[in-house]
Amino acid sequence: MSGRFIAVVGPSGVGKDSVMEGLAETLPDLFLARRAITRPGEAGGEDFDGISEAAFLRLEAEGAFALSWAAHGLHYGIPIAVEMALAEGRDVLANLSRGVLTEAKLRFARFEVLSLTASPDVLADRLRGRGRETEAEITARLARADSALPDHIAAIEIDNSGPLKQTVAQALAALYPERAAR
Ligand SMILES: Nc1ncnc2c1ncn2[C@@H]1O[C@H](COP(=O)(O)OP(=O)(O)O)[C@@H](O)[C@H]1O
Ligand SMILES: O=P(O)(O)OC[C@H]1O[C@H](OP(=O)(O)OP(=O)(O)O)[C@H](O)[C@@H]1O
């Protein structure tokens, strides 16, 4: 059977990449989608492929991305390699924009959404602590923090205001209930 495409969504700074890494530590067989982003490669945070806008647009036109979108003045792409991992039966985790969920649901036969939340104060602290964005960029990211998921998208919702370990344990239990039963 093919793997599941698991979209991880939520406001900037909520902990999407941290939770994805925590899940992959426990389940090394998970495939973490490495995104192409038009952000300088040394920017820090998640492991991503930093490319120029011209390179991004060329790759996008060539069909190199399973999904692509623009946000925060940047372009983002999920490499087509995820299709191969799914075909091998591996579950794929990808940090997505909430705006691309409808398209993703149509594209992937087995599709799940992990929606992470945290209070505005926690988000602001985390973004400042991460230190990747300027104060103006942080303000812009906080302004879109409460955008909702589309109505027809069912999601596993987990609050990541507490310890990361707790969130990872909750996500594991929700995504892999058979593990908890063992
Ligand atoms: N549960 C948590 N408790 C404390 N800090 C966290 C937690 N989850 C994430 N962080 C920290 O918050 C910052 C933003 O996390 P990150 O995973 O980059 O979020 P996102 O990918 O959603 O923008 C990082 O510095 C990360 O280490
Ligand atoms: O439409 P939204 O749901 O608001 O999401 C917009 C973008 O924000 C996040 O990007 P990015 O990884 O650059 O930011 P983050 O690490 O701060 O979440 C997310 O992965 C999307 O690419």
# chains A, B, ... in the order shown; residues from 1 in each chain; ligands from 1
call {"tool": "select_by_dssp", "arguments": {"residues": "range 40-79 of chain A", "states": "alpha helix (DSSP H)", "output": "JSON, numbers by chain"}}
result
{"A": [53, 54, 55, 56, 57, 58, 59, 60, 61, 62]}
call {"tool": "residues_around", "arguments": {"residues": "range 135-146 of chain A", "least_positions_apart": "2", "cutoff": "10 Å", "atoms": "only C-alpha atoms", "output": "list in words"}}
result
Gly10, Pro11, Ser12, Gly13, Val14, Ala71, His72, Gly73, Thr117, Ala118, Ser119, Pro120, Asp121, Leu123, Ala124, Leu127, Arg128, Gly131, Arg132, Glu133, Ala148 and Leu149 of chain A
call {"tool": "residues_near_ligand", "arguments": {"ligand": "ligand 1", "cutoff": "7 Å", "atoms": "only C-alpha atoms and all ligand atoms", "output": "ChimeraX atom specification"}}
result
/A:10-19,45-46,126-127,129-130,160-164,167
call {"tool": "write_last_selection", "arguments": {"atoms": "N, CA and C atoms", "output": "JSON list (two decimals), in the first residue's frame"}}
result
[["chain", "number", "residue", "atom", "x", "y", "z"],
["A", 10, "GLY", "N", 0.16, 25.23, 10.35],
["A", 10, "GLY", "CA", -0.02, 26.05, 11.54],
["A", 10, "GLY", "C", 0.78, 27.33, 11.37],
["A", 11, "PRO", "N", 0.54, 28.29, 12.23],
["A", 11, "PRO", "CA", 1.18, 29.59, 12.07],
["A", 11, "PRO", "C", 2.70, 29.52, 12.19],
["A", 12, "SER", "N", 3.34, 30.48, 11.60],
["A", 12, "SER", "CA", 4.78, 30.60, 11.67],
["A", 12, "SER", "C", 5.25, 30.60, 13.13],
["A", 13, "GLY", "N", 6.23, 29.78, 13.44],
["A", 13, "GLY", "CA", 6.79, 29.73, 14.78],
["A", 13, "GLY", "C", 6.09, 28.75, 15.70],
["A", 14, "VAL", "N", 5.03, 28.09, 15.24],
["A", 14, "VAL", "CA", 4.27, 27.19, 16.13],
["A", 14, "VAL", "C", 5.05, 25.93, 16.45],
["A", 15, "GLY", "N", 6.01, 25.57, 15.57],
["A", 15, "GLY", "CA", 6.83, 24.39, 15.84],
["A", 15, "GLY", "C", 6.69, 23.27, 14.81],
["A", 16, "LYS", "N", 6.24, 23.60, 13.61],
["A", 16, "LYS", "CA", 6.02, 22.56, 12.58],
["A", 16, "LYS", "C", 7.30, 21.75, 12.33],
["A", 17, "ASP", "N", 8.40, 22.46, 12.06],
["A", 17, "ASP", "CA", 9.64, 21.73, 11.74],
["A", 17, "ASP", "C", 10.15, 20.96, 12.94],
["A", 18, "SER", "N", 10.02, 21.53, 14.13],
["A", 18, "SER", "CA", 10.48, 20.84, 15.34],
["A", 18, "SER", "C", 9.70, 19.55, 15.57],
["A", 19, "VAL", "N", 8.38, 19.62, 15.37],
["A", 19, "VAL", "CA", 7.55, 18.42, 15.57],
["A", 19, "VAL", "C", 7.87, 17.37, 14.51],
["A", 45, "GLY", "N", 17.35, 27.24, 10.65],
["A", 45, "GLY", "CA", 16.07, 26.57, 10.83],
["A", 45, "GLY", "C", 16.09, 25.23, 10.13],
["A", 46, "GLU", "N", 14.98, 24.89, 9.47],
["A", 46, "GLU", "CA", 14.86, 23.59, 8.81],
["A", 46, "GLU", "C", 15.93, 23.40, 7.73],
["A", 126, "ARG", "N", 8.53, 32.52, 20.32],
["A", 126, "ARG", "CA", 9.26, 31.50, 19.55],
["A", 126, "ARG", "C", 9.93, 32.12, 18.33],
["A", 127, "LEU", "N", 9.19, 32.99, 17.64],
["A", 127, "LEU", "CA", 9.77, 33.61, 16.43],
["A", 127, "LEU", "C", 10.98, 34.45, 16.81],
["A", 129, "GLY", "N", 12.83, 34.04, 19.48],
["A", 129, "GLY", "CA", 13.87, 33.10, 19.94],
["A", 129, "GLY", "C", 14.59, 32.43, 18.78],
["A", 130, "ARG", "N", 13.83, 32.12, 17.71],
["A", 130, "ARG", "CA", 14.45, 31.46, 16.56],
["A", 130, "ARG", "C", 15.44, 32.39, 15.87],
["A", 160, "ASN", "N", 0.70, 23.05, 20.68],
["A", 160, "ASN", "CA", 2.14, 22.91, 20.93],
["A", 160, "ASN", "C", 2.66, 24.04, 21.83],
["A", 161, "SER", "N", 1.81, 24.51, 22.75],
["A", 161, "SER", "CA", 2.26, 25.54, 23.69],
["A", 161, "SER", "C", 3.13, 24.94, 24.79],
["A", 162, "GLY", "N", 2.94, 23.64, 25.04],
["A", 162, "GLY", "CA", 3.70, 22.97, 26.10],
["A", 162, "GLY", "C", 4.99, 22.37, 25.55],
["A", 163, "PRO", "N", 5.57, 21.40, 26.29],
["A", 163, "PRO", "CA", 6.84, 20.80, 25.88],
["A", 163, "PRO", "C", 6.72, 20.06, 24.54],
["A", 164, "LEU", "N", 7.77, 20.17, 23.75],
["A", 164, "LEU", "CA", 7.79, 19.53, 22.43],
["A", 164, "LEU", "C", 7.56, 18.02, 22.53],
["A", 167, "THR", "N", 3.95, 17.13, 22.64],
["A", 167, "THR", "CA", 3.29, 17.28, 21.34],
["A", 167, "THR", "C", 3.64, 16.12, 20.43]]
call {"tool": "closest_residue", "arguments": {"among": "A:Pro79, A:Pro40, A:Gly3, A:Gly22", "to": "Gln166 in chain A", "atoms": "only C-alpha atoms"}}
result
A:Gly22
call {"tool": "closest_residue", "arguments": {"among": "A:Ala64, A:Ala173, A:Leu101, A:Val122", "to": "Ala36 in chain A", "atoms": "only C-alpha atoms"}}
result
A:Ala64
call {"tool": "closest_residue", "arguments": {"among": "A:Ile78, A:Ala54, A:Ile153, A:Leu23", "to": "ligand 2", "atoms": "only C-alpha atoms and all ligand atoms"}}
result
A:Ile78
call {"tool": "residues_around", "arguments": {"residues": "Glu25 in chain A", "least_positions_apart": "6", "cutoff": "12 Å", "atoms": "only C-alpha atoms", "output": "VMD selection string"}}
result
chain A and resid 18 to 19 31 to 32 165 168 to 169 172
call {"tool": "residues_around", "arguments": {"residues": "Thr102 in chain A", "least_positions_apart": "4", "cutoff": "9 Å", "atoms": "only C-alpha atoms", "output": "list of chain:residue names"}}
result
A:Arg98, A:Leu106, A:Arg107, A:Pro150, A:His152, A:Ile153
call {"tool": "write_last_selection", "arguments": {"atoms": "N, CA and C atoms", "output": "compact mmCIF listing (two decimals), in the first residue's frame"}}
result
# COMPACT_ATOMS: atom_id res chain seq x y z
N ARG A 98 -1.33 26.58 4.80
CA ARG A 98 -2.75 26.22 4.92
C ARG A 98 -3.48 26.49 3.61
N LEU A 106 -6.55 16.84 -3.00
CA LEU A 106 -6.92 16.29 -4.31
C LEU A 106 -5.80 15.45 -4.90
N ARG A 107 -4.56 15.85 -4.59
CA ARG A 107 -3.42 15.23 -5.25
C ARG A 107 -3.03 13.88 -4.64
N PRO A 150 -9.41 25.38 5.55
CA PRO A 150 -10.65 25.29 4.76
C PRO A 150 -11.64 24.36 5.46
N HIS A 152 -13.66 22.01 4.55
CA HIS A 152 -13.76 20.58 4.19
C HIS A 152 -12.50 19.80 4.55
N ILE A 153 -11.56 20.44 5.24
CA ILE A 153 -10.32 19.75 5.60
C ILE A 153 -10.42 19.27 7.04
call {"tool": "closest_residue", "arguments": {"among": "A:Glu53, A:Asp47, A:Glu60, A:Asp29", "to": "ligand 2", "atoms": "only C-alpha atoms and all ligand atoms"}}
result
A:Asp47
call {"tool": "atom_distance", "arguments": {"atom1": "CA of Ala7 in chain A", "atom2": "CA of Ala94 in chain A"}}
result
5.1 Å
call {"tool": "select_by_dssp", "arguments": {"residues": "range 63-172 of chain A", "states": "strand (DSSP E or B)", "output": "VMD selection string"}}
result
chain A and resid 65 to 71 74 to 79 92 to 95 111 to 117 156 to 159
call {"tool": "closest_residue", "arguments": {"among": "A:Val82, A:Leu96, A:Ala61, A:Leu114", "to": "ligand 2", "atoms": "only C-alpha atoms and all ligand atoms"}}
result
A:Leu96
call {"tool": "closest_residue", "arguments": {"among": "A:Gly50, A:Gly99, A:Gly89, A:Gly41", "to": "ligand 2", "atoms": "only C-alpha atoms and all ligand atoms"}}
result
A:Gly99
call {"tool": "residues_around", "arguments": {"residues": "Ile37 in chain A", "least_positions_apart": "4", "cutoff": "10 Å", "atoms": "only C-alpha atoms", "output": "PDB file with N, CA and C atoms, in the first residue's frame"}}
result
ATOM      1  N   GLY A  41      20.251  30.075   1.559  1.00  0.00           N
ATOM      2  CA  GLY A  41      20.447  28.733   2.117  1.00  0.00           C
ATOM      3  C   GLY A  41      20.993  28.729   3.519  1.00  0.00           C
ATOM      4  N   PHE A  48      16.605  23.077   4.150  1.00  0.00           N
ATOM      5  CA  PHE A  48      15.885  23.352   2.907  1.00  0.00           C
ATOM      6  C   PHE A  48      16.879  23.632   1.790  1.00  0.00           C
ATOM      7  N   ASP A  49      16.363  23.619   0.568  1.00  0.00           N
ATOM      8  CA  ASP A  49      17.177  23.867  -0.609  1.00  0.00           C
ATOM      9  C   ASP A  49      16.973  25.338  -0.997  1.00  0.00           C
ATOM     10  N   GLY A  50      17.924  26.194  -0.681  1.00  0.00           N
ATOM     11  CA  GLY A  50      17.788  27.627  -0.968  1.00  0.00           C
ATOM     12  C   GLY A  50      18.157  27.918  -2.421  1.00  0.00           C
ATOM     13  N   ILE A  51      17.191  28.381  -3.207  1.00  0.00           N
ATOM     14  CA  ILE A  51      17.460  28.615  -4.628  1.00  0.00           C
ATOM     15  C   ILE A  51      16.976  30.006  -5.036  1.00  0.00           C
ATOM     16  N   SER A  52      17.446  30.479  -6.205  1.00  0.00           N
ATOM     17  CA  SER A  52      17.041  31.804  -6.689  1.00  0.00           C
ATOM     18  C   SER A  52      15.618  31.731  -7.232  1.00  0.00           C
ATOM     19  N   GLU A  53      15.002  32.908  -7.377  1.00  0.00           N
ATOM     20  CA  GLU A  53      13.640  32.932  -7.916  1.00  0.00           C
ATOM     21  C   GLU A  53      13.620  32.391  -9.347  1.00  0.00           C
ATOM     22  N   PHE A  56      13.783  28.700  -9.203  1.00  0.00           N
ATOM     23  CA  PHE A  56      12.508  28.163  -8.704  1.00  0.00           C
ATOM     24  C   PHE A  56      11.474  28.110  -9.828  1.00  0.00           C
ATOM     25  N   SER A  68       3.442  23.704  -4.945  1.00  0.00           N
ATOM     26  CA  SER A  68       4.224  24.928  -4.767  1.00  0.00           C
ATOM     27  C   SER A  68       3.285  26.070  -4.419  1.00  0.00           C
ATOM     28  N   TRP A  69       3.814  27.066  -3.723  1.00  0.00           N
ATOM     29  CA  TRP A  69       2.997  28.214  -3.311  1.00  0.00           C
ATOM     30  C   TRP A  69       3.928  29.375  -2.982  1.00  0.00           C
ATOM     31  N   ALA A  70       3.313  30.538  -2.755  1.00  0.00           N
ATOM     32  CA  ALA A  70       4.077  31.716  -2.355  1.00  0.00           C
ATOM     33  C   ALA A  70       3.517  32.230  -1.034  1.00  0.00           C
ATOM     34  N   LEU A  74       8.130  34.769  -0.304  1.00  0.00           N
ATOM     35  CA  LEU A  74       9.018  33.686  -0.748  1.00  0.00           C
ATOM     36  C   LEU A  74       8.221  32.676  -1.569  1.00  0.00           C
ATOM     37  N   HIS A  75       8.932  31.921  -2.410  1.00  0.00           N
ATOM     38  CA  HIS A  75       8.313  30.779  -3.109  1.00  0.00           C
ATOM     39  C   HIS A  75       8.740  29.511  -2.388  1.00  0.00           C
ATOM     40  N   TYR A  76       7.815  28.557  -2.305  1.00  0.00           N
ATOM     41  CA  TYR A  76       8.068  27.271  -1.646  1.00  0.00           C
ATOM     42  C   TYR A  76       7.675  26.136  -2.585  1.00  0.00           C
ATOM     43  N   GLY A  77       8.478  25.068  -2.626  1.00  0.00           N
ATOM     44  CA  GLY A  77       8.125  23.904  -3.441  1.00  0.00           C
ATOM     45  C   GLY A  77       8.410  22.602  -2.709  1.00  0.00           C
ATOM     46  N   ILE A  78       7.477  21.653  -2.847  1.00  0.00           N
ATOM     47  CA  ILE A  78       7.656  20.294  -2.308  1.00  0.00           C
ATOM     48  C   ILE A  78       8.136  19.422  -3.470  1.00  0.00           C
TER      49      ILE A  78
END
call {"tool": "decode", "arguments": {"residues": "range 25-117 of chain A", "atoms": "C-alpha atoms", "output": "short mmCIF file (atom, residue, chain, number, x, y, z; two decimals), in the first residue's frame"}}
result
data_model
loop_
_atom_site.label_atom_id
_atom_site.label_comp_id
_atom_site.auth_asym_id
_atom_site.auth_seq_id
_atom_site.Cartn_x
_atom_site.Cartn_y
_atom_site.Cartn_z
CA GLU A 25 13.56 10.60 15.45
CA THR A 26 11.05 8.06 16.70
CA LEU A 27 10.10 6.75 13.24
CA PRO A 28 13.25 6.90 11.07
CA ASP A 29 11.35 5.50 8.11
CA LEU A 30 9.30 8.69 7.79
CA PHE A 31 10.22 10.75 4.73
CA LEU A 32 10.64 14.45 5.59
CA ALA A 33 10.04 16.56 2.47
CA ARG A 34 13.01 18.90 1.97
CA ARG A 35 11.51 22.07 0.54
CA ALA A 36 12.92 24.33 -2.14
CA ILE A 37 12.60 27.93 -0.90
CA THR A 38 13.75 31.24 -2.42
CA ARG A 39 15.46 32.09 0.89
CA PRO A 40 19.24 32.26 1.37
CA GLY A 41 20.45 28.73 2.12
CA GLU A 42 22.31 29.83 5.25
CA ALA A 43 19.16 31.33 6.83
CA GLY A 44 18.97 28.54 9.43
CA GLY A 45 16.07 26.57 10.83
CA GLU A 46 14.86 23.59 8.81
CA ASP A 47 17.00 21.84 6.22
CA PHE A 48 15.88 23.35 2.91
CA ASP A 49 17.18 23.87 -0.61
CA GLY A 50 17.79 27.63 -0.97
CA ILE A 51 17.46 28.62 -4.63
CA SER A 52 17.04 31.80 -6.69
CA GLU A 53 13.64 32.93 -7.92
CA ALA A 54 14.69 32.25 -11.52
CA ALA A 55 15.74 28.69 -10.64
CA PHE A 56 12.51 28.16 -8.70
CA LEU A 57 10.31 29.31 -11.59
CA ARG A 58 12.23 27.11 -14.03
CA LEU A 59 11.89 24.03 -11.80
CA GLU A 60 8.20 24.77 -11.25
CA ALA A 61 7.60 25.01 -15.02
CA GLU A 62 9.48 21.72 -15.51
CA GLY A 63 7.16 19.95 -13.05
CA ALA A 64 9.82 19.42 -10.38
CA PHE A 65 7.36 20.19 -7.58
CA ALA A 66 4.40 18.14 -6.36
CA LEU A 67 3.07 21.32 -4.72
CA SER A 68 4.22 24.93 -4.77
CA TRP A 69 3.00 28.21 -3.31
CA ALA A 70 4.08 31.72 -2.35
CA ALA A 71 3.99 33.22 1.16
CA HIS A 72 5.98 35.74 3.21
CA GLY A 73 7.40 37.09 -0.07
CA LEU A 74 9.02 33.69 -0.75
CA HIS A 75 8.31 30.78 -3.11
CA TYR A 76 8.07 27.27 -1.65
CA GLY A 77 8.12 23.90 -3.44
CA ILE A 78 7.66 20.29 -2.31
CA PRO A 79 9.89 18.12 -4.52
CA ILE A 80 8.31 15.49 -6.71
CA ALA A 81 10.54 12.95 -4.88
CA VAL A 82 7.75 12.62 -2.32
CA GLU A 83 5.78 10.62 -4.93
CA MET A 84 8.52 8.00 -5.00
CA ALA A 85 8.60 7.72 -1.21
CA LEU A 86 4.80 7.31 -1.11
CA ALA A 87 4.95 4.65 -3.83
CA GLU A 88 7.50 2.76 -1.70
CA GLY A 89 4.93 2.74 1.10
CA ARG A 90 6.66 5.38 3.22
CA ASP A 91 4.67 8.06 5.03
CA VAL A 92 5.72 11.59 4.04
CA LEU A 93 5.72 14.63 6.33
CA ALA A 94 5.64 18.07 4.72
CA ASN A 95 5.45 21.58 6.17
CA LEU A 96 2.71 23.20 4.05
CA SER A 97 0.84 26.48 3.75
CA ARG A 98 -2.75 26.22 4.92
CA GLY A 99 -3.58 27.78 1.54
CA VAL A 100 -2.43 24.72 -0.41
CA LEU A 101 -4.35 22.06 1.57
CA THR A 102 -7.27 21.81 -0.86
CA GLU A 103 -4.92 21.10 -3.75
CA ALA A 104 -2.89 18.66 -1.64
CA LYS A 105 -6.01 16.72 -0.64
CA LEU A 106 -6.92 16.29 -4.31
CA ARG A 107 -3.42 15.23 -5.25
CA PHE A 108 -2.67 12.55 -2.66
CA ALA A 109 -4.82 9.44 -2.28
CA ARG A 110 -3.99 8.94 1.40
CA PHE A 111 -3.90 12.36 3.02
CA GLU A 112 -3.79 13.58 6.64
CA VAL A 113 -3.40 16.99 8.22
CA LEU A 114 -1.61 17.71 11.48
CA SER A 115 -2.62 21.21 12.56
CA LEU A 116 -0.49 22.75 15.32
CA THR A 117 -1.62 25.68 17.45
#
